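What follows is the content of input.pdb (PDB, C-alpha atoms).
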```
ATOM      1  CA  MET A   1      47.188 -12.343   4.010
ATOM      2  CA  MET A   2      44.627 -14.997   3.144
ATOM      3  CA  ASN A   3      42.639 -14.572  -0.021
ATOM      4  CA  LYS A   4      39.223 -13.202   0.894
ATOM      5  CA  LYS A   5      36.094 -15.010  -0.252
ATOM      6  CA  LYS A   6      33.987 -12.608  -2.318
ATOM      7  CA  ALA A   7      30.255 -12.690  -1.635
ATOM      8  CA  VAL A   8      27.059 -10.845  -2.448
ATOM      9  CA  VAL A   9      24.707 -10.757   0.561
ATOM     10  CA  SER A  10      21.005 -10.203  -0.010
ATOM     11  CA  LEU A  11      18.993  -8.935   2.987
ATOM     12  CA  GLY A  12      15.235  -9.552   3.336
ATOM     13  CA  HIS A  13      12.539  -7.473   5.083
ATOM     14  CA  ASN A  14      13.245  -8.904   8.527
ATOM     15  CA  ALA A  15      16.793  -7.466   8.339
ATOM     16  CA  LEU A  16      15.327  -3.950   8.121
ATOM     17  CA  GLY A  17      11.992  -3.864   9.942
ATOM     18  CA  TYR A  18       8.902  -2.118   8.599
ATOM     19  CA  THR A  19       9.156   1.467   9.980
ATOM     20  CA  THR A  20      11.991   3.963  10.473
ATOM     21  CA  LEU A  21      12.239   3.166  14.210
ATOM     22  CA  GLU A  22      12.068  -0.604  13.654
ATOM     23  CA  GLN A  23      14.777  -0.194  11.033
ATOM     24  CA  TRP A  24      17.202   1.457  13.488
ATOM     25  CA  ASP A  25      16.857  -1.520  15.834
ATOM     26  CA  ALA A  26      16.857  -4.147  13.063
ATOM     27  CA  VAL A  27      20.010  -2.891  11.319
ATOM     28  CA  LYS A  28      21.992  -3.186  14.571
ATOM     29  CA  ILE A  29      21.244  -6.948  14.610
ATOM     30  CA  THR A  30      21.860  -7.164  10.843
ATOM     31  CA  ALA A  31      25.213  -5.378  11.260
ATOM     32  CA  LYS A  32      26.329  -8.093  13.733
ATOM     33  CA  ALA A  33      25.562 -10.870  11.210
ATOM     34  CA  LEU A  34      27.369  -8.977   8.428
ATOM     35  CA  ALA A  35      30.352  -8.287  10.707
ATOM     36  CA  ASP A  36      30.505 -12.039  11.541
ATOM     37  CA  LEU A  37      30.870 -12.734   7.810
ATOM     38  CA  ILE A  38      33.562 -10.048   7.429
ATOM     39  CA  GLU A  39      35.450 -11.458  10.445
ATOM     40  CA  ALA A  40      35.199 -14.909   8.823
ATOM     41  CA  GLY A  41      37.165 -13.527   5.847
ATOM     42  CA  TYR A  42      34.396 -12.491   3.460
ATOM     43  CA  GLN A  43      34.622  -9.467   1.147
ATOM     44  CA  LEU A  44      31.003  -8.249   0.963
ATOM     45  CA  THR A  45      28.796  -6.478  -1.523
ATOM     46  CA  ILE A  46      25.389  -6.006   0.096
ATOM     47  CA  THR A  47      21.944  -5.643  -1.447
ATOM     48  CA  HIS A  48      18.600  -5.363   0.360
ATOM     49  CA  SER A  49      14.820  -5.378   0.011
ATOM     50  CA  ASN A  50      12.807  -2.142   0.280
ATOM     51  CA  GLY A  51       9.121  -3.197   0.090
ATOM     52  CA  PRO A  52       7.869  -1.567   3.319
ATOM     53  CA  GLN A  53      10.208   1.441   2.903
ATOM     54  CA  ILE A  54       9.191   2.286  -0.681
ATOM     55  CA  SER A  55       5.515   1.795   0.276
ATOM     56  CA  MET A  56       5.903   4.227   3.182
ATOM     57  CA  ILE A  57       7.602   6.869   0.986
ATOM     58  CA  HIS A  58       5.006   6.424  -1.762
ATOM     59  CA  LYS A  59       2.148   6.814   0.763
ATOM     60  CA  ALA A  60       3.757   9.915   2.323
ATOM     61  CA  MET A  61       4.326  11.640  -1.030
ATOM     62  CA  THR A  62       0.782  10.828  -2.202
ATOM     63  CA  GLU A  63      -0.741  12.188   1.032
ATOM     64  CA  LEU A  64       1.401  15.331   0.753
ATOM     65  CA  ARG A  65      -0.061  15.923  -2.694
ATOM     66  CA  ARG A  66      -3.584  15.506  -1.288
ATOM     67  CA  LEU A  67      -2.948  18.113   1.429
ATOM     68  CA  TYR A  68      -0.873  20.586  -0.570
ATOM     69  CA  ILE A  69      -1.919  20.903  -4.185
ATOM     70  CA  ASP A  70       1.440  22.516  -5.172
ATOM     71  CA  TYR A  71       3.317  19.281  -4.513
ATOM     72  CA  THR A  72       3.465  16.637  -7.199
ATOM     73  CA  PRO A  73       3.218  12.964  -6.171
ATOM     74  CA  ALA A  74       6.603  11.251  -6.454
ATOM     75  CA  PRO A  75       6.908   8.656  -9.234
ATOM     76  CA  MET A  76       7.913   5.117  -8.238
ATOM     77  CA  CYS A  77      11.488   5.553  -9.537
ATOM     78  CA  VAL A  78      11.969   8.573  -7.212
ATOM     79  CA  CYS A  79      10.491   6.642  -4.241
ATOM     80  CA  SER A  80      12.935   3.823  -5.067
ATOM     81  CA  ALA A  81      15.903   6.240  -5.084
ATOM     82  CA  MET A  82      14.806   7.716  -1.727
ATOM     83  CA  SER A  83      14.474   4.261  -0.160
ATOM     84  CA  GLN A  84      17.932   3.209  -1.421
ATOM     85  CA  GLY A  85      19.399   6.333   0.137
ATOM     86  CA  TYR A  86      17.957   6.054   3.600
ATOM     87  CA  VAL A  87      18.213   2.258   3.935
ATOM     88  CA  GLY A  88      21.825   2.396   2.740
ATOM     89  CA  TYR A  89      22.550   5.196   5.197
ATOM     90  CA  ASP A  90      21.243   3.135   8.137
ATOM     91  CA  ILE A  91      23.065  -0.072   7.092
ATOM     92  CA  GLN A  92      26.391   1.652   6.398
ATOM     93  CA  ASN A  93      26.404   3.540   9.704
ATOM     94  CA  SER A  94      25.396   0.500  11.776
ATOM     95  CA  LEU A  95      27.893  -1.770  10.042
ATOM     96  CA  LYS A  96      30.750   0.728  10.347
ATOM     97  CA  ALA A  97      30.044   1.135  14.082
ATOM     98  CA  GLU A  98      29.835  -2.654  14.598
ATOM     99  CA  LEU A  99      33.146  -3.200  12.755
ATOM    100  CA  LEU A 100      34.901  -0.439  14.716
ATOM    101  CA  SER A 101      33.694  -2.031  17.978
ATOM    102  CA  ARG A 102      35.547  -5.191  16.802
ATOM    103  CA  GLY A 103      38.672  -3.223  15.894
ATOM    104  CA  ILE A 104      38.058  -3.393  12.132
ATOM    105  CA  SER A 105      38.373  -0.116  10.218
ATOM    106  CA  LYS A 106      36.677  -0.375   6.820
ATOM    107  CA  THR A 107      34.858   2.018   4.512
ATOM    108  CA  VAL A 108      31.212   1.152   3.900
ATOM    109  CA  SER A 109      29.483   3.072   1.119
ATOM    110  CA  THR A 110      26.136   3.067  -0.655
ATOM    111  CA  ILE A 111      25.890   3.394  -4.429
ATOM    112  CA  LEU A 112      22.601   4.677  -5.784
ATOM    113  CA  THR A 113      22.025   2.034  -8.445
ATOM    114  CA  GLN A 114      19.903   2.044 -11.603
ATOM    115  CA  VAL A 115      18.924  -1.137 -13.436
ATOM    116  CA  THR A 116      17.672  -1.199 -17.017
ATOM    117  CA  VAL A 117      14.465  -3.038 -17.872
ATOM    118  CA  ASP A 118      12.746  -3.826 -21.162
ATOM    119  CA  PRO A 119       9.743  -1.505 -21.814
ATOM    120  CA  TYR A 120       8.085  -4.456 -23.603
ATOM    121  CA  ASP A 121       8.606  -6.874 -20.691
ATOM    122  CA  GLU A 122       5.412  -8.927 -20.230
ATOM    123  CA  ALA A 123       5.313  -7.793 -16.582
ATOM    124  CA  PHE A 124       4.177  -4.310 -17.691
ATOM    125  CA  TYR A 125       1.004  -5.820 -19.164
ATOM    126  CA  GLU A 126       0.250  -7.897 -16.065
ATOM    127  CA  PRO A 127       1.421  -6.022 -12.954
ATOM    128  CA  THR A 128       1.402  -8.062  -9.733
ATOM    129  CA  LYS A 129       3.085  -5.994  -6.980
ATOM    130  CA  LEU A 130       0.786  -4.180  -4.530
ATOM    131  CA  ILE A 131       2.065  -0.788  -3.412
ATOM    132  CA  GLY A 132       0.949   2.153  -1.268
ATOM    133  CA  ARG A 133      -2.170   2.881   0.768
ATOM    134  CA  TYR A 134      -5.774   1.714   0.418
ATOM    135  CA  MET A 135      -7.808   4.101  -1.744
ATOM    136  CA  SER A 136     -11.474   4.927  -2.221
ATOM    137  CA  SER A 137     -13.096   4.071  -5.561
ATOM    138  CA  GLU A 138     -12.889   7.802  -6.504
ATOM    139  CA  ASP A 139      -9.106   7.856  -5.914
ATOM    140  CA  ALA A 140      -8.760   4.542  -7.756
ATOM    141  CA  GLU A 141     -10.605   6.082 -10.725
ATOM    142  CA  ILE A 142      -8.055   8.959 -10.798
ATOM    143  CA  GLU A 143      -5.169   6.436 -10.827
ATOM    144  CA  ILE A 144      -6.766   4.502 -13.714
ATOM    145  CA  LYS A 145      -7.157   7.766 -15.700
ATOM    146  CA  LYS A 146      -3.420   8.367 -15.184
ATOM    147  CA  GLY A 147      -2.786   4.994 -16.836
ATOM    148  CA  ASN A 148      -1.996   3.157 -13.585
ATOM    149  CA  TYR A 149      -3.342  -0.257 -12.557
ATOM    150  CA  VAL A 150      -5.365  -0.782  -9.386
ATOM    151  CA  GLN A 151      -6.737  -3.847  -7.645
ATOM    152  CA  GLU A 152      -9.671  -4.083  -5.234
ATOM    153  CA  GLU A 153      -9.298  -5.897  -1.940
ATOM    154  CA  PRO A 154     -12.862  -6.636  -0.781
ATOM    155  CA  GLY A 155     -13.788  -4.704   2.363
ATOM    156  CA  LYS A 156     -10.515  -2.767   2.390
ATOM    157  CA  GLY A 157     -10.511  -0.626  -0.726
ATOM    158  CA  PHE A 158      -8.287  -0.301  -3.779
ATOM    159  CA  ARG A 159      -4.491  -0.422  -4.046
ATOM    160  CA  ARG A 160      -2.117   0.332  -6.900
ATOM    161  CA  ILE A 161      -0.376  -2.627  -8.512
ATOM    162  CA  ILE A 162       2.852  -2.190 -10.413
ATOM    163  CA  ALA A 163       5.012  -4.351 -12.642
ATOM    164  CA  ALA A 164       8.085  -6.362 -11.630
ATOM    165  CA  PRO A 165      10.060  -6.646 -14.897
ATOM    166  CA  LYS A 166      13.266  -8.715 -15.220
ATOM    167  CA  PRO A 167      16.543  -6.825 -14.764
ATOM    168  CA  ILE A 168      18.743  -6.408 -17.866
ATOM    169  CA  ASP A 169      21.849  -4.381 -16.900
ATOM    170  CA  ILE A 170      23.145  -2.821 -13.689
ATOM    171  CA  VAL A 171      24.077   0.708 -14.860
ATOM    172  CA  GLU A 172      26.647   1.430 -12.120
ATOM    173  CA  ILE A 173      28.270  -2.036 -12.179
ATOM    174  CA  GLU A 174      31.766  -0.672 -12.956
ATOM    175  CA  ALA A 175      31.688   1.636  -9.919
ATOM    176  CA  ILE A 176      30.478  -1.246  -7.707
ATOM    177  CA  ARG A 177      33.197  -3.549  -9.087
ATOM    178  CA  THR A 178      35.954  -0.928  -8.588
ATOM    179  CA  LEU A 179      35.067  -0.480  -4.902
ATOM    180  CA  ALA A 180      34.631  -4.231  -4.307
ATOM    181  CA  ASP A 181      37.994  -4.962  -6.000
ATOM    182  CA  ALA A 182      39.591  -2.343  -3.734
ATOM    183  CA  GLY A 183      38.415  -4.395  -0.726
ATOM    184  CA  GLN A 184      35.676  -1.961   0.284
ATOM    185  CA  ILE A 185      32.221  -2.889   1.529
ATOM    186  CA  VAL A 186      29.559  -1.739  -0.912
ATOM    187  CA  ILE A 187      25.775  -1.485  -0.526
ATOM    188  CA  ALA A 188      24.232  -1.491  -4.017
ATOM    189  CA  CYS A 189      21.115  -2.350  -6.050
ATOM    190  CA  GLY A 190      18.933  -1.663  -3.000
ATOM    191  CA  GLY A 191      15.320  -2.758  -3.457
ATOM    192  CA  GLY A 192      16.256  -4.354  -6.773
ATOM    193  CA  GLY A 193      17.701  -1.090  -8.097
ATOM    194  CA  ILE A 194      15.889   1.898  -9.620
ATOM    195  CA  PRO A 195      14.196   0.515 -12.761
ATOM    196  CA  VAL A 196      15.054   2.618 -15.816
ATOM    197  CA  ILE A 197      14.364   2.383 -19.540
ATOM    198  CA  GLU A 198      16.986   3.434 -22.081
ATOM    199  CA  GLN A 199      15.704   6.131 -24.421
ATOM    200  CA  LYS A 200      18.388   7.179 -26.922
ATOM    201  CA  HIS A 201      21.114   8.555 -24.613
ATOM    202  CA  ALA A 202      18.917   9.103 -21.564
ATOM    203  CA  LEU A 203      17.664   6.812 -18.795
ATOM    204  CA  LYS A 204      14.015   7.290 -17.907
ATOM    205  CA  GLY A 205      12.561   5.980 -14.631
ATOM    206  CA  ALA A 206       9.994   3.205 -15.054
ATOM    207  CA  SER A 207       6.847   2.803 -12.961
ATOM    208  CA  ALA A 208       7.924  -0.601 -11.680
ATOM    209  CA  ILE A 209       9.993  -2.437  -9.103
ATOM    210  CA  ILE A 210      12.578  -5.172  -9.595
ATOM    211  CA  GLU A 211      12.591  -8.336  -7.466
ATOM    212  CA  LYS A 212      15.525  -7.957  -5.089
ATOM    213  CA  ASP A 213      16.311 -11.687  -5.336
ATOM    214  CA  ALA A 214      16.545 -11.416  -9.140
ATOM    215  CA  ILE A 215      19.004  -8.525  -8.841
ATOM    216  CA  ALA A 216      21.040 -10.320  -6.150
ATOM    217  CA  GLY A 217      21.576 -13.229  -8.566
ATOM    218  CA  LYS A 218      22.516 -10.821 -11.372
ATOM    219  CA  LEU A 219      24.879  -8.788  -9.159
ATOM    220  CA  ALA A 220      26.604 -11.981  -7.951
ATOM    221  CA  ALA A 221      27.008 -13.172 -11.552
ATOM    222  CA  ASP A 222      28.276  -9.789 -12.826
ATOM    223  CA  LEU A 223      30.846  -9.515 -10.013
ATOM    224  CA  ASN A 224      31.756 -13.205 -10.440
ATOM    225  CA  VAL A 225      31.756 -13.694  -6.657
ATOM    226  CA  ASP A 226      32.524 -16.985  -4.911
ATOM    227  CA  GLN A 227      29.206 -17.097  -3.056
ATOM    228  CA  LEU A 228      25.725 -15.612  -3.055
ATOM    229  CA  ILE A 229      24.333 -15.437   0.490
ATOM    230  CA  ILE A 230      20.568 -14.913   0.768
ATOM    231  CA  LEU A 231      19.450 -14.021   4.296
ATOM    232  CA  THR A 232      15.751 -14.588   4.844
ATOM    233  CA  SER A 233      13.343 -15.362   7.707
ATOM    234  CA  VAL A 234      13.932 -19.156   7.789
ATOM    235  CA  PRO A 235      17.184 -21.031   8.627
ATOM    236  CA  ASN A 236      16.880 -23.466   5.677
ATOM    237  CA  VAL A 237      15.140 -24.228   2.409
ATOM    238  CA  TYR A 238      12.444 -26.851   3.053
ATOM    239  CA  THR A 239      10.312 -29.302   1.130
ATOM    240  CA  GLY A 240       6.712 -29.497   2.346
ATOM    241  CA  PHE A 241       7.112 -26.087   4.024
ATOM    242  CA  GLY A 242       4.424 -25.417   6.625
ATOM    243  CA  THR A 243       3.095 -29.013   6.516
ATOM    244  CA  LYS A 244       3.636 -31.945   8.895
ATOM    245  CA  ASP A 245       6.093 -33.372   6.324
ATOM    246  CA  GLN A 246       8.299 -30.264   6.377
ATOM    247  CA  LYS A 247      11.933 -31.279   5.814
ATOM    248  CA  ALA A 248      15.030 -29.065   5.906
ATOM    249  CA  LEU A 249      17.416 -29.437   2.976
ATOM    250  CA  PRO A 250      21.114 -29.089   3.920
ATOM    251  CA  SER A 251      22.203 -29.057   0.258
ATOM    252  CA  LEU A 252      20.838 -28.976  -3.281
ATOM    253  CA  THR A 253      22.200 -29.065  -6.818
ATOM    254  CA  THR A 254      20.701 -26.791  -9.478
ATOM    255  CA  ASP A 255      19.146 -29.851 -11.159
ATOM    256  CA  GLU A 256      17.466 -30.899  -7.912
ATOM    257  CA  ALA A 257      16.324 -27.315  -7.321
ATOM    258  CA  GLN A 258      14.864 -27.170 -10.845
ATOM    259  CA  LYS A 259      12.905 -30.406 -10.235
ATOM    260  CA  LEU A 260      11.500 -29.027  -6.967
ATOM    261  CA  ILE A 261      10.494 -25.788  -8.746
ATOM    262  CA  GLU A 262       8.618 -27.865 -11.365
ATOM    263  CA  GLN A 263       6.892 -29.819  -8.586
ATOM    264  CA  GLY A 264       5.665 -26.498  -7.108
ATOM    265  CA  GLU A 265       7.592 -26.958  -3.827
ATOM    266  CA  PHE A 266       8.490 -23.267  -3.436
ATOM    267  CA  GLU A 267       5.995 -20.520  -2.780
ATOM    268  CA  GLU A 268       5.814 -17.643  -5.252
ATOM    269  CA  GLY A 269       6.866 -14.344  -3.691
ATOM    270  CA  THR A 270       8.807 -16.006  -0.840
ATOM    271  CA  MET A 271      11.193 -18.917  -1.523
ATOM    272  CA  LEU A 272      10.699 -19.352  -5.282
ATOM    273  CA  PRO A 273      12.488 -16.108  -6.377
ATOM    274  CA  LYS A 274      15.426 -17.012  -4.089
ATOM    275  CA  ILE A 275      15.841 -20.461  -5.670
ATOM    276  CA  GLU A 276      15.494 -18.932  -9.155
ATOM    277  CA  ALA A 277      18.190 -16.353  -8.303
ATOM    278  CA  ALA A 278      20.465 -19.165  -7.086
ATOM    279  CA  VAL A 279      19.941 -21.186 -10.284
ATOM    280  CA  SER A 280      20.580 -18.162 -12.539
ATOM    281  CA  TYR A 281      23.782 -17.140 -10.670
ATOM    282  CA  LEU A 282      25.140 -20.728 -10.735
ATOM    283  CA  ALA A 283      24.431 -20.990 -14.454
ATOM    284  CA  SER A 284      26.972 -18.204 -15.016
ATOM    285  CA  ASN A 285      29.421 -19.255 -12.259
ATOM    286  CA  LYS A 286      29.569 -23.048 -12.032
ATOM    287  CA  LYS A 287      32.283 -22.929  -9.342
ATOM    288  CA  GLY A 288      30.236 -20.712  -7.056
ATOM    289  CA  SER A 289      27.805 -21.656  -4.300
ATOM    290  CA  VAL A 290      24.669 -20.191  -2.776
ATOM    291  CA  LEU A 291      23.849 -20.161   0.925
ATOM    292  CA  ILE A 292      20.240 -19.565   1.987
ATOM    293  CA  THR A 293      19.690 -19.130   5.712
ATOM    294  CA  SER A 294      18.297 -16.730   8.318
ATOM    295  CA  LEU A 295      20.014 -13.713   9.817
ATOM    296  CA  GLU A 296      20.136 -15.444  13.217
ATOM    297  CA  SER A 297      21.655 -18.627  11.786
ATOM    298  CA  VAL A 298      24.583 -17.061   9.886
ATOM    299  CA  SER A 299      27.304 -18.060  12.333
ATOM    300  CA  ASP A 300      25.897 -21.631  12.547
ATOM    301  CA  ALA A 301      25.656 -21.781   8.753
ATOM    302  CA  LEU A 302      29.352 -20.854   8.450
ATOM    303  CA  LYS A 303      30.116 -23.950  10.560
ATOM    304  CA  GLY A 304      27.809 -26.101   8.423
ATOM    305  CA  LYS A 305      25.227 -26.425  11.221
ATOM    306  CA  ALA A 306      22.405 -24.550   9.439
ATOM    307  CA  GLY A 307      21.386 -23.203   6.076
ATOM    308  CA  THR A 308      20.977 -24.740   2.633
ATOM    309  CA  VAL A 309      23.941 -24.745   0.247
ATOM    310  CA  ILE A 310      23.152 -24.857  -3.465
ATOM    311  CA  THR A 311      25.828 -25.769  -6.031
ATOM    312  CA  ALA A 312      25.899 -26.351  -9.771
TER     313      ALA A 312
END
```
Rewrite the structure of this file - the entire thing - as structure tokens.
Amino acid sequence: MMNKKKAVVSLGHNALGYTTLEQWDAVKITAKALADLIEAGYQLTITHSNGPQISMIHKAMTELRRLYIDYTPAPMCVCSAMSQGYVGYDIQNSLKAELLSRGISKTVSTILTQVTVDPYDEAFYEPTKLIGRYMSSEDAEIEIKKGNYVQEEPGKGFRRIIAAPKPIDIVEIEAIRTLADAGQIVIACGGGGIPVIEQKHALKGASAIIEKDAIAGKLAADLNVDQLIILTSVPNVYTGFGTKDQKALPSLTTDEAQKLIEQGEFEEGTMLPKIEAAVSYLASNKKGSVLITSLESVSDALKGKAGTVITA
């Protein structure tokens, strides 16, 4: 039997849709792309975004509290755990069904994953991630009294903003590694993982989220995989993105990527965290490679007809 290529696959928003119904349809398409990789001889560990999902859960729990005073609003760490559970459930069922339709019988499981963060991370003093519904100034005042940060969007209202600290350790890494080493397909670190702070012997949920690209790079490094595959909404990494000089890059070295970062070529919040994740993974695994492409272009990318490959 040929030696399987180990990979961490990171799925973006477009792989999951923005509502529960959209997600059912989206994961069927996502499952086909993942099954193509498995058929091509990849051993996969899968991680995914959860922005729209965690926002939806957070909104629902906050509204529930407004209607029924006995309910408590769910903290961000609980919303994160809920989103990991239901996104994982949809991916694992769709992928299992897709594999069975191709005559492949494999276990797909989701591991609820916690990731430690530093309570003194600078991100906690300057939160940047918008979350949840628009609020009135009265509701915003209540959030501020609770010690939360809010930001006004003129003409729309106020929204909560939360921190995106850097990941330190993946708490369940040994369980993930054991399943991956046994040749099983694992879904882990969903939405960047549940951010937790170590307090003596206990782990306490943090009011934060972790960038899913940052955790994908860390997961790939920790598992020492052969490749990190980042599936996003564009088939390639580009210079001059969105301008008349837009140019697709078939390959990049980490040095070239670093120069382009310094030149401000990659947009914050979209391509920049993906390139940073690639650079950080390749710093720990110089023999590895990173493929950045779109869900639709996976099979072309495997033939070298699409995608950007980054190497050390």
Subject >> Selected residue, from A:Ala74, A:Leu130, A:Leu112, A:Leu34, that lies nearest to Ser297 in chain A when counting only C-alpha atoms >> reply: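 Ranking A:Ala74, A:Leu130, A:Leu112, A:Leu34 by distance to Ser297 in chain A, first place goes to A:Leu34.
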**OP:** List the residues selected by the PyMOL selection byres ((chain A and resi 265-275) around 10) in the file shown, writing them as number ranges by chain.
**Re:** A: 10, 129, 211-214, 216-217, 230-234, 237-241, 254, 257-264, 276-281, 290, 292, 310
Using the selection just defined, write its residues with C-alpha atoms as an mmCIF file, in the frame of the given file.
```cif
data_model
loop_
_atom_site.group_PDB
_atom_site.id
_atom_site.type_symbol
_atom_site.label_atom_id
_atom_site.label_comp_id
_atom_site.auth_asym_id
_atom_site.auth_seq_id
_atom_site.Cartn_x
_atom_site.Cartn_y
_atom_site.Cartn_z
ATOM 1 C CA SER A 10 21.005 -10.203 -0.010
ATOM 2 C CA LYS A 129 3.085 -5.994 -6.980
ATOM 3 C CA GLU A 211 12.591 -8.336 -7.466
ATOM 4 C CA LYS A 212 15.525 -7.957 -5.089
ATOM 5 C CA ASP A 213 16.311 -11.687 -5.336
ATOM 6 C CA ALA A 214 16.545 -11.416 -9.140
ATOM 7 C CA ALA A 216 21.040 -10.320 -6.150
ATOM 8 C CA GLY A 217 21.576 -13.229 -8.566
ATOM 9 C CA ILE A 230 20.568 -14.913 0.768
ATOM 10 C CA LEU A 231 19.450 -14.021 4.296
ATOM 11 C CA THR A 232 15.751 -14.588 4.844
ATOM 12 C CA SER A 233 13.343 -15.362 7.707
ATOM 13 C CA VAL A 234 13.932 -19.156 7.789
ATOM 14 C CA VAL A 237 15.140 -24.228 2.409
ATOM 15 C CA TYR A 238 12.444 -26.851 3.053
ATOM 16 C CA THR A 239 10.312 -29.302 1.130
ATOM 17 C CA GLY A 240 6.712 -29.497 2.346
ATOM 18 C CA PHE A 241 7.112 -26.087 4.024
ATOM 19 C CA THR A 254 20.701 -26.791 -9.478
ATOM 20 C CA ALA A 257 16.324 -27.315 -7.321
ATOM 21 C CA GLN A 258 14.864 -27.170 -10.845
ATOM 22 C CA LYS A 259 12.905 -30.406 -10.235
ATOM 23 C CA LEU A 260 11.500 -29.027 -6.967
ATOM 24 C CA ILE A 261 10.494 -25.788 -8.746
ATOM 25 C CA GLU A 262 8.618 -27.865 -11.365
ATOM 26 C CA GLN A 263 6.892 -29.819 -8.586
ATOM 27 C CA GLY A 264 5.665 -26.498 -7.108
ATOM 28 C CA GLU A 276 15.494 -18.932 -9.155
ATOM 29 C CA ALA A 277 18.190 -16.353 -8.303
ATOM 30 C CA ALA A 278 20.465 -19.165 -7.086
ATOM 31 C CA VAL A 279 19.941 -21.186 -10.284
ATOM 32 C CA SER A 280 20.580 -18.162 -12.539
ATOM 33 C CA TYR A 281 23.782 -17.140 -10.670
ATOM 34 C CA VAL A 290 24.669 -20.191 -2.776
ATOM 35 C CA ILE A 292 20.240 -19.565 1.987
ATOM 36 C CA ILE A 310 23.152 -24.857 -3.465
#
```
Per residue of range 82-105 of chain A within 12 Å of range 57-68 of chain A, record the nearest atom pair and its distance in Å to one decimal, counting all atoms listed in the file, with rows in chain order and ascending residue number, as a Markdown table.
```
| residue | atom | partner | partner_atom | distance |
| --- | --- | --- | --- | --- |
| A:Met82 | CA | A:Ile57 | CA | 7.7 |
| A:Ser83 | CA | A:Ile57 | CA | 7.4 |
| A:Gln84 | CA | A:Ile57 | CA | 11.2 |
| A:Gly85 | CA | A:Ile57 | CA | 11.8 |
| A:Tyr86 | CA | A:Ile57 | CA | 10.7 |
| A:Val87 | CA | A:Ile57 | CA | 11.9 |
```
Filtering to C-alpha atoms, could you give me those residues as an mmCIF file, in the coordinates of the input?
```cif
data_model
loop_
_atom_site.group_PDB
_atom_site.id
_atom_site.type_symbol
_atom_site.label_atom_id
_atom_site.label_comp_id
_atom_site.auth_asym_id
_atom_site.auth_seq_id
_atom_site.Cartn_x
_atom_site.Cartn_y
_atom_site.Cartn_z
ATOM 1 C CA MET A 82 14.806 7.716 -1.727
ATOM 2 C CA SER A 83 14.474 4.261 -0.160
ATOM 3 C CA GLN A 84 17.932 3.209 -1.421
ATOM 4 C CA GLY A 85 19.399 6.333 0.137
ATOM 5 C CA TYR A 86 17.957 6.054 3.600
ATOM 6 C CA VAL A 87 18.213 2.258 3.935
#
```
**OP:** Could you tell me how far CA of His48 in chain A lies from CA of Thr30 in chain A, in Å and to one decimal?
**Re:**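 Atom-to-atom, CA of His48 in chain A and CA of Thr30 in chain A are spaced 11.1 Å apart.
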**OP:** Would you kindly identify which residues have an atom no farther than 7 Å from (31.5, -5.0, 8.8), using only C-alpha atoms and the file's own coordinates, and write them out as an NGL selection string?
**Re:** :A and (31 or 34-35 or 38 or 95-96 or 98-99)
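Reported to one decimal place, the separation of CA of Val117 in chain A from CA of Ser80 in chain A is 14.6 Å.
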Subject >> Atomic distance CA of Lys303 in chain A - CA of Asp226 in chain A, expressed in Å with one decimal >> reply: 17.1 Å
Subject >> Residues near Val225 in chain A, cut-off 8 Å, all atoms listed in the file, skip fewer than 3 positions along chain, as a PyMOL selection string >> reply: chain A and resi 5-8+220-221+228+288
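Between Lys305 in chain A and the residues A:Pro165, A:Pro250, A:Gly17, A:Gly88, the shortest atom-to-atom distance, using all atoms listed in the file, involves A:Pro250.
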**OP:** May I have the protein, DNA and RNA residues with an atom at most 12 Å from (38.7, -4.9, -2.0), counting all atoms listed in the file in the file's coordinates, returned as a list in words?
**Re:**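 Checking each residue against the 12 Å limit leaves Asn3, Lys4, Lys5, Lys6, Ala7, Ile38, Gly41, Tyr42, Gln43, Leu44, Thr45, Lys106, Thr107, Val108, Ile176, Arg177, Thr178, Leu179, Ala180, Asp181, Ala182, Gly183, Gln184, Ile185 and Val186 of chain A.
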Subject >> Selection result of the PyMOL selection byres ((chain A and resi 125) around 12) on this file, as a ChimeraX atom specification >> reply: /A:119-124,126-128,147-149,161-165,208
Subject >> Selection under test: the PyMOL selection byres ((chain A and resi 306) around 8); residues as JSON, numbers by chain >> reply: {"A": [235, 236, 250, 293, 297, 298, 300, 301, 302, 303, 304, 305, 307, 308]}
Export C-alpha atoms of the chosen residues as a compact mmCIF listing (two decimals), in the coordinates of the input?
```txt
# COMPACT_ATOMS: atom_id res chain seq x y z
CA PRO A 235 17.18 -21.03 8.63
CA ASN A 236 16.88 -23.47 5.68
CA PRO A 250 21.11 -29.09 3.92
CA THR A 293 19.69 -19.13 5.71
CA SER A 297 21.66 -18.63 11.79
CA VAL A 298 24.58 -17.06 9.89
CA ASP A 300 25.90 -21.63 12.55
CA ALA A 301 25.66 -21.78 8.75
CA LEU A 302 29.35 -20.85 8.45
CA LYS A 303 30.12 -23.95 10.56
CA GLY A 304 27.81 -26.10 8.42
CA LYS A 305 25.23 -26.42 11.22
CA GLY A 307 21.39 -23.20 6.08
CA THR A 308 20.98 -24.74 2.63
```
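Candidate residues A:Gln92, A:Ser284, A:Gln53, A:Gln114 were compared for distance to Lys204 in chain A, and the nearest is A:Gln114, using only C-alpha atoms.
Look at Leu203 in chain A: the protein and nucleic acid residues within 12 Å of it, using all atoms listed in the file and passing over chain neighbours fewer than 2 places away, are Cys77, Gln114, Val115, Thr116, Val117, Asp118, Pro119, Val171, Ile194, Pro195, Val196, Ile197, Glu198, Gln199, Lys200, His201, Gly205 and Ala206 of chain A.
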**OP:** Measuring atom to atom with only C-alpha atoms, identify which of A:Arg133, A:Arg102, A:His13, A:Lys28 is nearest to Met56 in chain A.
**Re:**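 Among A:Arg133, A:Arg102, A:His13, A:Lys28, it is A:Arg133 that comes nearest to Met56 in chain A.
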**OP:** Pick out the closest residue to Ala175 in chain A from this set: A:Ala202, A:Phe158, A:Ile111, A:Tyr134. Count all atoms listed in the file.
**Re:**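 For Ala175 in chain A, the nearest of the given residues is A:Ile111.
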